[in-house]
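Enquirer: Structure: work39.txt, compact mmCIF, C-alpha atoms and all ligand atoms.
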# COMPACT_ATOMS: atom_id res chain seq x y z
CA MET A 879 -2.58 -19.78 -5.97
CA THR A 880 -4.00 -23.29 -5.90
CA ALA A 881 -7.74 -23.74 -6.09
CA MET A 882 -9.55 -24.43 -2.84
CA THR A 883 -11.52 -27.60 -2.29
CA PRO A 884 -14.96 -27.07 -0.70
CA ALA A 885 -13.71 -28.57 2.58
CA GLU A 886 -10.80 -26.16 2.78
CA GLY A 887 -13.23 -23.38 2.03
CA ARG A 888 -14.92 -23.95 5.37
CA THR A 889 -11.76 -23.96 7.51
CA ALA A 890 -10.22 -20.77 8.85
CA ALA A 891 -7.93 -19.54 6.10
CA PRO A 892 -6.88 -16.10 4.90
CA ALA A 893 -8.95 -16.62 1.73
CA ASP A 894 -12.09 -16.82 3.94
CA SER A 895 -11.17 -13.86 6.12
CA ALA A 896 -13.46 -10.86 6.39
CA PHE A 897 -10.75 -8.78 4.72
CA VAL A 898 -10.52 -10.94 1.59
CA ARG A 899 -14.29 -11.40 1.48
CA ALA A 900 -14.95 -7.64 1.70
CA CYS A 901 -12.41 -7.06 -1.08
CA ARG A 902 -14.36 -9.53 -3.20
CA GLY A 903 -17.72 -8.00 -2.31
CA LEU A 904 -18.88 -11.09 -0.38
CA PRO A 905 -20.96 -10.87 2.82
CA VAL A 906 -18.99 -10.42 6.07
CA ASP A 907 -19.87 -10.78 9.78
CA ARG A 908 -18.29 -7.40 10.48
CA THR A 909 -16.35 -4.80 8.52
CA PRO A 910 -12.64 -5.64 8.36
CA VAL A 911 -10.13 -2.95 9.32
CA TRP A 912 -6.39 -2.36 8.94
CA PHE A 913 -4.31 0.80 8.66
CA MET A 914 -1.91 1.95 6.00
CA ARG A 915 1.43 2.43 7.76
CA GLN A 916 0.27 0.41 10.76
CA ALA A 917 3.68 -1.30 10.87
CA GLY A 918 6.22 0.97 12.45
CA ARG A 919 5.59 4.62 12.96
CA SER A 920 3.56 5.15 16.12
CA LEU A 921 4.42 1.98 18.04
CA PRO A 922 6.91 2.21 20.93
CA GLU A 923 7.82 -1.46 20.47
CA TYR A 924 8.72 -0.62 16.85
CA ARG A 925 10.90 2.32 17.87
CA ALA A 926 12.70 0.15 20.42
CA LEU A 927 13.42 -2.54 17.83
CA ARG A 928 14.59 -0.04 15.21
CA GLU A 929 17.05 1.68 17.62
CA GLY A 930 20.35 2.05 15.71
CA VAL A 931 19.15 0.14 12.61
CA ALA A 932 18.73 2.08 9.36
CA MET A 933 15.31 1.72 7.69
CA LEU A 934 16.61 -0.12 4.60
CA ASP A 935 18.71 -2.43 6.77
CA ALA A 936 15.59 -3.27 8.79
CA CYS A 937 13.77 -3.97 5.51
CA SER A 938 16.52 -6.47 4.52
CA ARG A 939 16.39 -8.54 7.71
CA PRO A 940 13.76 -11.30 7.82
CA ASP A 941 13.69 -11.32 11.65
CA MET A 942 12.96 -7.59 11.81
CA ILE A 943 10.46 -7.63 8.94
CA THR A 944 8.56 -10.46 10.61
CA GLU A 945 8.47 -8.92 14.07
CA ILE A 946 7.52 -5.40 12.87
CA THR A 947 4.77 -6.77 10.62
CA LEU A 948 3.29 -8.74 13.54
CA GLN A 949 3.43 -5.94 16.13
CA PRO A 950 0.27 -4.06 15.05
CA VAL A 951 -1.65 -7.32 14.56
CA ARG A 952 -0.93 -8.29 18.17
CA ARG A 953 -1.55 -4.87 19.62
CA HIS A 954 -4.62 -3.67 17.70
CA GLY A 955 -6.27 -6.87 16.51
CA VAL A 956 -6.45 -5.58 12.93
CA ASP A 957 -7.96 -7.88 10.29
CA ALA A 958 -4.89 -7.88 8.02
CA ALA A 959 -1.14 -7.51 8.32
CA VAL A 960 0.80 -5.31 5.89
CA PHE A 961 4.27 -6.44 4.97
CA PHE A 962 6.97 -4.24 6.51
CA SER A 963 9.01 -2.84 3.65
CA ASP A 964 9.06 0.32 1.56
CA ILE A 965 8.32 1.32 -2.02
CA VAL A 966 12.05 1.94 -2.62
CA VAL A 967 13.20 -1.50 -1.38
CA PRO A 968 13.26 -2.99 -4.92
CA LEU A 969 15.40 -0.06 -6.13
CA HIS A 970 17.80 -0.59 -3.26
CA ALA A 971 17.85 -4.31 -4.07
CA ILE A 972 18.99 -3.72 -7.67
CA GLY A 973 21.80 -1.50 -6.45
CA LEU A 974 20.38 1.91 -7.23
CA GLY A 975 21.76 4.21 -4.53
CA VAL A 976 18.85 5.09 -2.26
CA GLU A 977 18.53 5.92 1.39
CA ILE A 978 15.52 6.53 3.62
CA VAL A 979 16.26 9.61 5.68
CA PRO A 980 14.30 9.74 8.96
CA GLY A 981 11.64 12.44 8.89
CA THR A 982 12.22 13.09 5.16
CA GLY A 983 11.68 9.88 3.20
CA PRO A 984 13.55 8.31 0.27
CA VAL A 985 16.56 10.19 -1.08
CA ILE A 986 18.17 9.10 -4.38
CA GLU A 987 21.95 9.37 -4.69
CA LYS A 988 21.98 10.03 -8.46
CA PRO A 989 18.53 11.03 -9.74
CA ILE A 990 17.38 9.97 -13.21
CA THR A 991 18.03 12.71 -15.75
CA GLY A 992 18.50 11.01 -19.12
CA GLU A 993 18.41 7.99 -21.36
CA ALA A 994 21.71 6.62 -20.04
CA ASP A 995 20.25 6.29 -16.54
CA LEU A 996 17.75 3.67 -17.69
CA ASP A 997 20.45 0.98 -17.66
CA ARG A 998 20.65 1.42 -13.90
CA LEU A 999 17.10 0.09 -13.68
CA ARG A 1000 17.50 -3.58 -14.45
CA ASP A 1001 14.67 -5.95 -13.61
CA LEU A 1002 14.44 -7.40 -10.12
CA ALA A 1003 15.25 -11.11 -9.63
CA PRO A 1004 13.78 -13.09 -6.71
CA GLU A 1005 17.33 -13.63 -5.36
CA ASP A 1006 17.76 -9.86 -5.01
CA VAL A 1007 15.04 -9.88 -2.36
CA TRP A 1008 15.56 -13.33 -0.82
CA TYR A 1009 14.81 -11.75 2.58
CA VAL A 1010 11.32 -10.81 1.34
CA THR A 1011 10.58 -14.41 0.36
CA GLU A 1012 11.87 -15.68 3.67
CA ALA A 1013 9.95 -13.13 5.75
CA VAL A 1014 6.67 -13.61 3.85
CA ARG A 1015 6.88 -17.39 4.31
CA THR A 1016 7.49 -17.04 8.04
CA LEU A 1017 4.71 -14.48 8.36
CA VAL A 1018 2.15 -16.55 6.50
CA ALA A 1019 2.87 -19.45 8.87
CA GLU A 1020 2.67 -17.22 11.97
CA LEU A 1021 -0.42 -15.30 10.90
CA GLY A 1022 -2.66 -18.33 10.38
CA ALA A 1023 -6.06 -17.08 9.22
CA THR A 1024 -5.01 -13.42 9.22
CA PRO A 1025 -4.19 -12.31 5.67
CA LEU A 1026 -0.88 -10.69 4.75
CA ILE A 1027 -1.03 -7.77 2.32
CA GLY A 1028 1.97 -7.38 0.04
CA PHE A 1029 2.62 -4.07 -1.68
CA ALA A 1030 4.70 -2.04 -4.08
CA GLY A 1031 4.93 1.52 -5.31
CA ALA A 1032 3.27 2.29 -8.65
CA PRO A 1033 5.44 3.51 -11.55
CA PHE A 1034 4.42 7.19 -11.25
CA THR A 1035 5.06 7.51 -7.53
CA VAL A 1036 8.39 5.67 -7.71
CA ALA A 1037 9.40 7.69 -10.79
CA SER A 1038 8.69 10.90 -8.88
CA TYR A 1039 11.31 9.97 -6.25
CA LEU A 1040 13.81 8.86 -8.91
CA ILE A 1041 13.50 12.08 -10.88
CA GLU A 1042 13.15 14.59 -8.04
CA GLY A 1043 15.87 12.85 -5.99
CA GLY A 1044 13.60 12.94 -2.93
CA PRO A 1045 10.17 14.04 -1.75
CA SER A 1046 8.54 16.93 -3.63
CA ARG A 1047 5.47 19.10 -3.26
CA THR A 1048 5.15 20.19 -6.87
CA TYR A 1049 6.72 17.34 -8.91
CA THR A 1050 8.25 19.98 -11.16
CA LYS A 1051 11.13 17.88 -12.51
CA THR A 1052 8.89 14.83 -12.85
CA LYS A 1053 6.32 16.72 -14.89
CA ALA A 1054 8.98 18.53 -16.91
CA LEU A 1055 10.40 15.17 -17.98
CA MET A 1056 6.93 13.72 -18.59
CA TYR A 1057 5.83 16.62 -20.81
CA GLY A 1058 9.18 17.43 -22.36
CA ARG A 1059 10.59 13.97 -23.01
CA PRO A 1060 7.60 11.65 -23.27
CA GLU A 1061 9.62 8.82 -24.84
CA LEU A 1062 12.08 8.80 -21.96
CA TRP A 1063 9.17 9.04 -19.51
CA HIS A 1064 7.42 6.00 -20.99
CA ALA A 1065 10.65 4.00 -21.17
CA LEU A 1066 11.37 4.80 -17.51
CA CYS A 1067 7.86 3.86 -16.40
CA ALA A 1068 7.95 0.63 -18.41
CA ARG A 1069 11.10 -0.39 -16.51
CA LEU A 1070 9.51 0.58 -13.20
CA ALA A 1071 6.37 -1.39 -14.04
CA ALA A 1072 8.54 -4.49 -14.64
CA ILE A 1073 10.37 -4.03 -11.32
CA THR A 1074 7.11 -3.44 -9.45
CA LEU A 1075 5.53 -6.50 -11.00
CA SER A 1076 8.54 -8.65 -10.07
CA PHE A 1077 8.49 -7.36 -6.49
CA LEU A 1078 4.77 -8.13 -6.15
CA ARG A 1079 5.18 -11.59 -7.68
CA VAL A 1080 7.87 -12.44 -5.13
CA GLN A 1081 5.48 -11.57 -2.30
CA ILE A 1082 2.61 -13.45 -3.91
CA ALA A 1083 4.73 -16.54 -4.62
CA ALA A 1084 5.74 -16.62 -0.96
CA GLY A 1085 2.09 -16.53 0.15
CA ALA A 1086 0.71 -12.96 0.38
CA SER A 1087 -3.12 -13.03 0.40
CA ALA A 1088 -3.65 -9.65 -1.30
CA ILE A 1089 -1.58 -6.85 -2.76
CA GLN A 1090 -1.82 -3.07 -2.69
CA LEU A 1091 -0.31 -0.85 -5.36
CA PHE A 1092 0.53 2.56 -3.86
CA ASP A 1093 0.32 5.42 -6.33
CA SER A 1094 0.35 7.87 -3.47
CA TRP A 1095 1.18 10.98 -5.48
CA ALA A 1096 -0.85 10.35 -8.67
CA GLY A 1097 -3.41 12.91 -7.45
CA ALA A 1098 -0.96 15.61 -8.59
CA LEU A 1099 -1.97 14.88 -12.20
CA SER A 1100 -5.06 15.86 -14.16
CA ALA A 1101 -7.32 13.01 -15.27
CA ARG A 1102 -6.13 13.54 -18.84
CA ASP A 1103 -2.45 13.35 -17.97
CA TYR A 1104 -3.10 10.35 -15.72
CA GLU A 1105 -4.66 8.53 -18.69
CA ARG A 1106 -1.82 9.41 -21.06
CA PHE A 1107 1.24 9.14 -18.86
CA VAL A 1108 0.41 6.84 -15.96
CA ALA A 1109 -2.52 4.51 -16.64
CA PRO A 1110 -0.72 2.38 -19.29
CA HIS A 1111 2.06 1.53 -16.85
CA SER A 1112 -0.11 0.81 -13.82
CA ARG A 1113 -2.34 -1.25 -16.10
CA ALA A 1114 0.72 -3.28 -17.16
CA VAL A 1115 1.40 -4.11 -13.50
CA PHE A 1116 -2.15 -5.36 -12.90
CA ALA A 1117 -2.21 -7.17 -16.25
CA GLY A 1118 0.93 -9.01 -15.16
CA LEU A 1119 -1.04 -10.32 -12.18
CA SER A 1120 -4.16 -11.34 -14.09
CA ASP A 1121 -3.42 -15.03 -13.48
CA VAL A 1122 -3.34 -14.51 -9.70
CA ASP A 1123 -6.69 -14.83 -7.95
CA ILE A 1124 -6.08 -12.60 -4.93
CA PRO A 1125 -7.56 -9.14 -4.22
CA LYS A 1126 -5.68 -6.20 -5.72
CA ILE A 1127 -6.03 -2.80 -4.09
CA HIS A 1128 -5.02 0.47 -5.75
CA PHE A 1129 -4.56 3.64 -3.74
CA GLY A 1130 -3.56 7.27 -4.13
CA VAL A 1131 -4.03 10.52 -2.19
CA GLY A 1132 -6.00 13.49 -3.56
CA THR A 1133 -7.50 11.30 -6.28
CA SER A 1134 -11.14 12.48 -6.14
CA HIS A 1135 -10.89 13.23 -9.85
CA LEU A 1136 -9.21 9.88 -10.66
CA LEU A 1137 -11.29 7.27 -8.81
CA GLU A 1138 -12.77 5.72 -11.97
CA ALA A 1139 -9.39 5.52 -13.66
CA ILE A 1140 -7.67 4.05 -10.61
CA GLY A 1141 -10.18 1.21 -10.60
CA GLU A 1142 -10.20 0.71 -14.37
CA VAL A 1143 -6.47 0.05 -14.65
CA GLY A 1144 -7.17 -3.30 -13.03
CA ALA A 1145 -7.94 -3.10 -9.32
CA ASP A 1146 -10.59 -5.01 -7.36
CA VAL A 1147 -10.58 -2.45 -4.55
CA VAL A 1148 -10.14 1.32 -4.83
CA GLY A 1149 -8.47 3.10 -1.92
CA VAL A 1150 -10.18 6.41 -1.14
CA ASP A 1151 -8.70 9.26 0.88
CA TRP A 1152 -10.80 11.33 3.34
CA ARG A 1153 -11.76 13.98 0.78
CA THR A 1154 -14.42 11.88 -0.98
CA PRO A 1155 -17.30 10.30 0.96
CA LEU A 1156 -17.37 6.53 0.42
CA ASP A 1157 -20.92 6.52 -0.93
CA ALA A 1158 -19.90 9.03 -3.61
CA ALA A 1159 -16.77 6.98 -4.33
CA ALA A 1160 -18.78 3.75 -4.50
CA ALA A 1161 -21.03 5.22 -7.17
CA ARG A 1162 -17.97 5.87 -9.35
CA VAL A 1163 -15.86 2.73 -9.07
CA GLY A 1164 -18.24 0.33 -10.77
CA ASP A 1165 -18.21 -3.28 -9.61
CA ARG A 1166 -15.36 -2.74 -7.15
CA SER A 1167 -14.99 -2.53 -3.40
CA VAL A 1168 -13.70 0.53 -1.57
CA GLN A 1169 -11.11 0.93 1.16
CA GLY A 1170 -10.90 3.90 3.52
CA ASN A 1171 -11.34 6.58 4.57
CA LEU A 1172 -10.92 8.04 8.06
CA ASP A 1173 -8.89 11.25 8.09
CA PRO A 1174 -5.69 10.25 9.98
CA THR A 1175 -5.89 13.49 11.98
CA VAL A 1176 -9.23 12.40 13.49
CA LEU A 1177 -7.16 9.98 15.59
CA PHE A 1178 -5.98 13.11 17.45
CA ALA A 1179 -9.55 14.36 18.04
CA PRO A 1180 -11.78 13.77 21.08
CA VAL A 1181 -13.23 10.26 21.36
CA GLU A 1182 -16.78 11.48 20.51
CA VAL A 1183 -15.52 12.88 17.21
CA LEU A 1184 -13.69 9.65 16.37
CA ASP A 1185 -16.78 7.68 17.27
CA ALA A 1186 -19.05 9.78 15.06
CA GLU A 1187 -16.65 9.64 12.11
CA ILE A 1188 -16.39 5.85 12.32
CA ARG A 1189 -20.20 5.55 12.33
CA ARG A 1190 -20.51 7.90 9.37
CA ILE A 1191 -17.86 6.04 7.33
CA LEU A 1192 -19.41 2.64 8.08
CA ALA A 1193 -22.81 3.95 6.99
CA GLU A 1194 -21.42 5.46 3.78
CA GLY A 1195 -19.40 2.31 3.08
CA LYS A 1196 -22.65 0.30 2.88
CA ALA A 1197 -23.20 1.83 -0.56
CA ALA A 1198 -20.16 -0.06 -1.89
CA ARG A 1199 -19.90 -3.61 -3.21
CA GLY A 1200 -17.59 -4.27 -0.26
CA HIS A 1201 -15.90 -2.03 2.33
CA VAL A 1202 -12.53 -2.42 4.01
CA PHE A 1203 -12.18 0.16 6.77
CA ASN A 1204 -8.86 2.05 6.73
CA LEU A 1205 -7.49 5.53 7.06
CA GLY A 1206 -7.56 7.92 4.11
CA HIS A 1207 -3.73 7.90 4.20
CA GLY A 1208 -1.03 6.47 6.44
CA VAL A 1209 -0.86 6.59 10.23
CA MET A 1210 0.99 9.73 11.30
CA PRO A 1211 4.11 9.11 13.40
CA ASP A 1212 2.87 10.87 16.57
CA THR A 1213 -0.50 9.07 16.64
CA ASP A 1214 -1.47 7.59 20.03
CA PRO A 1215 -1.47 3.81 19.43
CA ASP A 1216 -4.48 3.52 21.76
CA ALA A 1217 -6.54 5.58 19.31
CA LEU A 1218 -5.82 2.90 16.67
CA THR A 1219 -6.73 0.07 19.02
CA ARG A 1220 -9.97 1.90 19.91
CA THR A 1221 -10.77 2.41 16.23
CA VAL A 1222 -10.47 -1.33 15.51
CA ALA A 1223 -12.79 -2.13 18.43
CA LEU A 1224 -15.36 0.47 17.39
CA VAL A 1225 -15.37 -0.58 13.72
CA HIS A 1226 -15.96 -4.16 14.80
CA GLU A 1227 -18.65 -3.23 17.34
CA TYR A 1228 -20.63 -0.90 15.07
CA SER A 1229 -20.50 -3.14 12.02
CA SER A 1230 -21.46 -6.46 13.62
O1 LIG Y 1 2.02 0.30 5.82
C1 LIG Y 1 2.91 -0.20 6.53
O2 LIG Y 1 2.90 -0.13 7.77
C2 LIG Y 1 3.98 -1.03 5.86
C3 LIG Y 1 5.17 -0.37 5.66
C4 LIG Y 1 5.32 0.77 4.68
C5 LIG Y 1 6.39 1.68 4.79
N1 LIG Y 1 6.37 2.46 3.69
C6 LIG Y 1 7.36 1.70 5.89
C7 LIG Y 1 8.03 2.97 6.20
C8 LIG Y 1 4.62 1.06 3.51
C9 LIG Y 1 3.36 0.44 2.93
C10 LIG Y 1 5.30 2.14 2.89
C11 LIG Y 1 4.91 2.70 1.59
C12 LIG Y 1 5.46 3.99 1.18
N2 LIG Y 1 6.74 4.46 1.33
C13 LIG Y 1 4.74 4.94 0.42
C14 LIG Y 1 3.31 4.76 -0.02
C15 LIG Y 1 2.38 4.93 1.11
C16 LIG Y 1 2.06 6.35 1.49
O3 LIG Y 1 2.20 6.65 2.67
O4 LIG Y 1 1.63 7.09 0.62
C17 LIG Y 1 5.59 6.02 0.17
C18 LIG Y 1 5.24 7.27 -0.59
C19 LIG Y 1 6.87 5.70 0.75
C20 LIG Y 1 8.11 6.51 0.73
C21 LIG Y 1 8.47 6.86 2.13
N3 LIG Y 1 9.18 6.03 2.98
C22 LIG Y 1 8.08 8.00 2.87
C23 LIG Y 1 7.29 9.17 2.32
C24 LIG Y 1 8.57 7.83 4.17
C25 LIG Y 1 8.30 8.70 5.37
C26 LIG Y 1 9.38 9.58 5.83
C27 LIG Y 1 9.10 9.93 7.28
O5 LIG Y 1 9.91 9.51 8.11
O6 LIG Y 1 8.09 10.58 7.54
C28 LIG Y 1 9.27 6.60 4.20
C29 LIG Y 1 9.93 5.99 5.36
C30 LIG Y 1 9.19 4.87 6.00
N4 LIG Y 1 8.58 3.86 5.32
C31 LIG Y 1 9.04 4.64 7.38
C32 LIG Y 1 8.34 3.43 7.52
C33 LIG Y 1 7.98 2.72 8.79
C34 LIG Y 1 9.59 5.52 8.48
C35 LIG Y 1 11.06 5.25 8.60
C36 LIG Y 1 11.54 5.10 10.02
O7 LIG Y 1 10.78 4.60 10.88
O8 LIG Y 1 12.71 5.42 10.22
Can the structure from this file be put into structure tokens for me?
Ligand code: CP3
Expert:
Amino acid sequence: MTAMTPAEGRTAAPADSAFVRACRGLPVDRTPVWFMRQAGRSLPEYRALREGVAMLDACSRPDMITEITLQPVRRHGVDAAVFFSDIVVPLHAIGLGVEIVPGTGPVIEKPITGEADLDRLRDLAPEDVWYVTEAVRTLVAELGATPLIGFAGAPFTVASYLIEGGPSRTYTKTKALMYGRPELWHALCARLAAITLSFLRVQIAAGASAIQLFDSWAGALSARDYERFVAPHSRAVFAGLSDVDIPKIHFGVGTSHLLEAIGEVGADVVGVDWRTPLDAAAARVGDRSVQGNLDPTVLFAPVEVLDAEIRRILAEGKAARGHVFNLGHGVMPDTDPDALTRTVALVHEYSS
């Protein structure tokens, strides 16, 4: 990123947006809000566009990526856009057989079982994801002052899909490999960290204003195992971005016991699920901002409940260096889009 001149600093630019400012712990006029999984999922206009197009095909088409990324910005007036893609897109792009099965999630054709499989995980080149570069450039131009958040899956969460072959509740095979073949585990995660870093750098080079590293399933590990088996690899991803002056967000679910560690591997903002109050989280993440943490099921509750939860979260978020309002995990597919629009309006009203 090029340095801003003072004059540019006063014009409307993503770097001056409430979202970027809150990530940096700077004062804001009102609390910024966006939703994990805001692109796609609950929107009828998304479903109409996706009709007959497989998820990974949609993720490879700049026109679709651009339109789907913009849909929630137009409809809800959120303070940031999140790039429409998936954590398995880089794997697909390097030719590893992967499919996203509707209602299930990523399914791996030939899961990783041994040393020989590592050769299938070559590093990602920008040309492999030319459609990402093209879509990010178009989006940055269309979005104007609204920031675009790029993202990638963290080594542990991506490894869990590669080893299990698909979604898992217990991560049995993943943990068996981690405990039983630590050298293979670390070699696998080192390759995934390189791929993740390359994927993020492509999005940043094309103009993303922030990035989020999703380690959605890291909460399945004890703090000790997280430190030993996961932290070095996630740290390598953030270290690879140390020259890039944009906010870096790090998120996982069920991570009450890992909040310190998730920040310390190199994030500016720690994503918090609904299980930990933001004031408690703020006290543990040091000089970092927090993002969260409305329970996504509250969007199905009566308006008075939603209203009260938003007020509570905004009040608790004041304890943090900066607060970006979000859900504690992604938008659920059957969420009423109007509940999301209402949430944006209420967050803005109560925080200004
Ligand atoms: O946040 C956004 O709106 C941007 C798009 C986005 C998608 N996936 C699109 C998607 C993002 C940020 C992701 C990240 C992702 N993908 C994560 C980390 C975030 C999290 O929720 O914890 C994970 C674990 C995945 C893997 C994955 N891909 C899952 C578990 C699923 C859901 C399966 C289902 O249908 O319930 C997917 C599919 C997926 N990724 C969809 C979308 C819009 C649904 C596919 C469809 O519409 O056909």
Enquirer: Kindly work out which residues sit at most 6 Å from ligand LIG 1 (chain Y), using all atoms listed in the file, and give the list as a list in words.
Expert: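 Listing the residues within 6 Å of ligand LIG 1 (chain Y) gives Met914, Arg915, Gln916, Ala917, Gly918, Arg919, Met933, Val960, Phe961, Phe962, Ser963, Asp964, Ile965, Ile978, Pro980, Gly981, Thr982, Gly983, Pro984, Phe1092, Ser1094 and Gly1208 of chain A.
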Enquirer: Please determine, counting only C-alpha atoms, which residue among A:Gly1044, A:Leu1002, A:Ser1038, A:Ile1188 has the shortest atom-to-atom distance to Val976 in chain A.
Expert: A:Gly1044
Enquirer: Can you work out the spacing between CA of Ala1186 in chain A and CA of Val1225 in chain A in Å, to one decimal?
Expert: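 These atoms are spaced 11.1 Å apart.
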Enquirer: Of the candidates A:Pro950, A:Gly973, A:Pro905, A:Gly1022, which shows the shortest atom-to-atom distance to Tyr924 in chain A, using only C-alpha atoms?
Expert: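 Using only C-alpha atoms, the shortest distance to Tyr924 in chain A belongs to A:Pro950.
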Enquirer: What does the distance between CA of Gly1170 in chain A and CA of Lys1196 in chain A come to in Å, to one decimal place?
Expert: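 Between these atoms lies a distance of 12.3 Å.
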Enquirer: Residues near Val1122 in chain A, anyone? I mean within 12 Å using all atoms listed in the file, not counting same-chain ones fewer than 4 positions away, as a PyMOL selection string.
Expert: chain A and resi 879-881+1078-1079+1081-1083+1085-1089+1116-1118+1126
Enquirer: Enter the distance from CA of Val1108 in chain A to CA of Arg902 in chain A, in Å, rounded to one decimal.
Expert: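 Interatomic distance here is 25.5 Å.
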Enquirer: Ranking A:Phe1178, A:Tyr1057, A:Phe1029, A:Tyr1228 by minimum distance to Met1210 in chain A and counting all atoms listed in the file, which one comes first?
Expert: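 Ranking A:Phe1178, A:Tyr1057, A:Phe1029, A:Tyr1228 by distance to Met1210 in chain A, first place goes to A:Phe1178.
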Enquirer: Is it possible to dump range 974-990 of chain A as a PDB file, in the first residue's frame, including just N, CA and C atoms?
Expert:
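File selection.pdb, as written:
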ATOM      1  N   LEU A 974      -6.222 -29.319  -6.835  1.00  0.00           N
ATOM      2  CA  LEU A 974      -6.559 -30.362  -5.882  1.00  0.00           C
ATOM      3  C   LEU A 974      -8.065 -30.612  -6.002  1.00  0.00           C
ATOM      4  N   GLY A 975      -8.471 -31.823  -6.214  1.00  0.00           N
ATOM      5  CA  GLY A 975      -9.894 -32.107  -6.439  1.00  0.00           C
ATOM      6  C   GLY A 975     -10.752 -31.756  -5.234  1.00  0.00           C
ATOM      7  N   VAL A 976     -11.554 -30.714  -5.363  1.00  0.00           N
ATOM      8  CA  VAL A 976     -12.446 -30.304  -4.271  1.00  0.00           C
ATOM      9  C   VAL A 976     -13.755 -29.818  -4.859  1.00  0.00           C
ATOM     10  N   GLU A 977     -14.809 -30.064  -4.114  1.00  0.00           N
ATOM     11  CA  GLU A 977     -16.130 -29.653  -4.557  1.00  0.00           C
ATOM     12  C   GLU A 977     -16.829 -29.048  -3.345  1.00  0.00           C
ATOM     13  N   ILE A 978     -17.743 -28.104  -3.571  1.00  0.00           N
ATOM     14  CA  ILE A 978     -18.540 -27.613  -2.446  1.00  0.00           C
ATOM     15  C   ILE A 978     -19.946 -28.148  -2.641  1.00  0.00           C
ATOM     16  N   VAL A 979     -20.321 -29.059  -1.775  1.00  0.00           N
ATOM     17  CA  VAL A 979     -21.616 -29.722  -1.899  1.00  0.00           C
ATOM     18  C   VAL A 979     -22.663 -28.911  -1.130  1.00  0.00           C
ATOM     19  N   PRO A 980     -23.741 -28.486  -1.827  1.00  0.00           N
ATOM     20  CA  PRO A 980     -24.757 -27.666  -1.169  1.00  0.00           C
ATOM     21  C   PRO A 980     -25.291 -28.319   0.107  1.00  0.00           C
ATOM     22  N   GLY A 981     -25.342 -27.549   1.168  1.00  0.00           N
ATOM     23  CA  GLY A 981     -25.862 -28.046   2.432  1.00  0.00           C
ATOM     24  C   GLY A 981     -24.840 -28.844   3.242  1.00  0.00           C
ATOM     25  N   THR A 982     -23.700 -29.177   2.650  1.00  0.00           N
ATOM     26  CA  THR A 982     -22.675 -29.964   3.345  1.00  0.00           C
ATOM     27  C   THR A 982     -21.413 -29.136   3.559  1.00  0.00           C
ATOM     28  N   GLY A 983     -20.883 -28.592   2.463  1.00  0.00           N
ATOM     29  CA  GLY A 983     -19.627 -27.847   2.544  1.00  0.00           C
ATOM     30  C   GLY A 983     -18.583 -28.500   1.666  1.00  0.00           C
ATOM     31  N   PRO A 984     -17.306 -28.168   1.858  1.00  0.00           N
ATOM     32  CA  PRO A 984     -16.245 -28.693   0.996  1.00  0.00           C
ATOM     33  C   PRO A 984     -16.061 -30.200   1.149  1.00  0.00           C
ATOM     34  N   VAL A 985     -15.919 -30.877   0.021  1.00  0.00           N
ATOM     35  CA  VAL A 985     -15.633 -32.314   0.015  1.00  0.00           C
ATOM     36  C   VAL A 985     -14.384 -32.518  -0.839  1.00  0.00           C
ATOM     37  N   ILE A 986     -13.410 -33.253  -0.294  1.00  0.00           N
ATOM     38  CA  ILE A 986     -12.115 -33.465  -0.960  1.00  0.00           C
ATOM     39  C   ILE A 986     -12.116 -34.835  -1.637  1.00  0.00           C
ATOM     40  N   GLU A 987     -11.782 -34.815  -2.929  1.00  0.00           N
ATOM     41  CA  GLU A 987     -11.788 -36.062  -3.714  1.00  0.00           C
ATOM     42  C   GLU A 987     -10.851 -37.114  -3.109  1.00  0.00           C
ATOM     43  N   LYS A 988      -9.574 -36.732  -2.935  1.00  0.00           N
ATOM     44  CA  LYS A 988      -8.598 -37.665  -2.348  1.00  0.00           C
ATOM     45  C   LYS A 988      -7.974 -37.000  -1.133  1.00  0.00           C
ATOM     46  N   PRO A 989      -8.479 -37.313   0.059  1.00  0.00           N
ATOM     47  CA  PRO A 989      -7.950 -36.669   1.273  1.00  0.00           C
ATOM     48  C   PRO A 989      -6.456 -36.948   1.459  1.00  0.00           C
ATOM     49  N   ILE A 990      -5.831 -36.076   2.239  1.00  0.00           N
ATOM     50  CA  ILE A 990      -4.398 -36.200   2.539  1.00  0.00           C
ATOM     51  C   ILE A 990      -4.212 -37.305   3.581  1.00  0.00           C
TER      52      ILE A 990
END
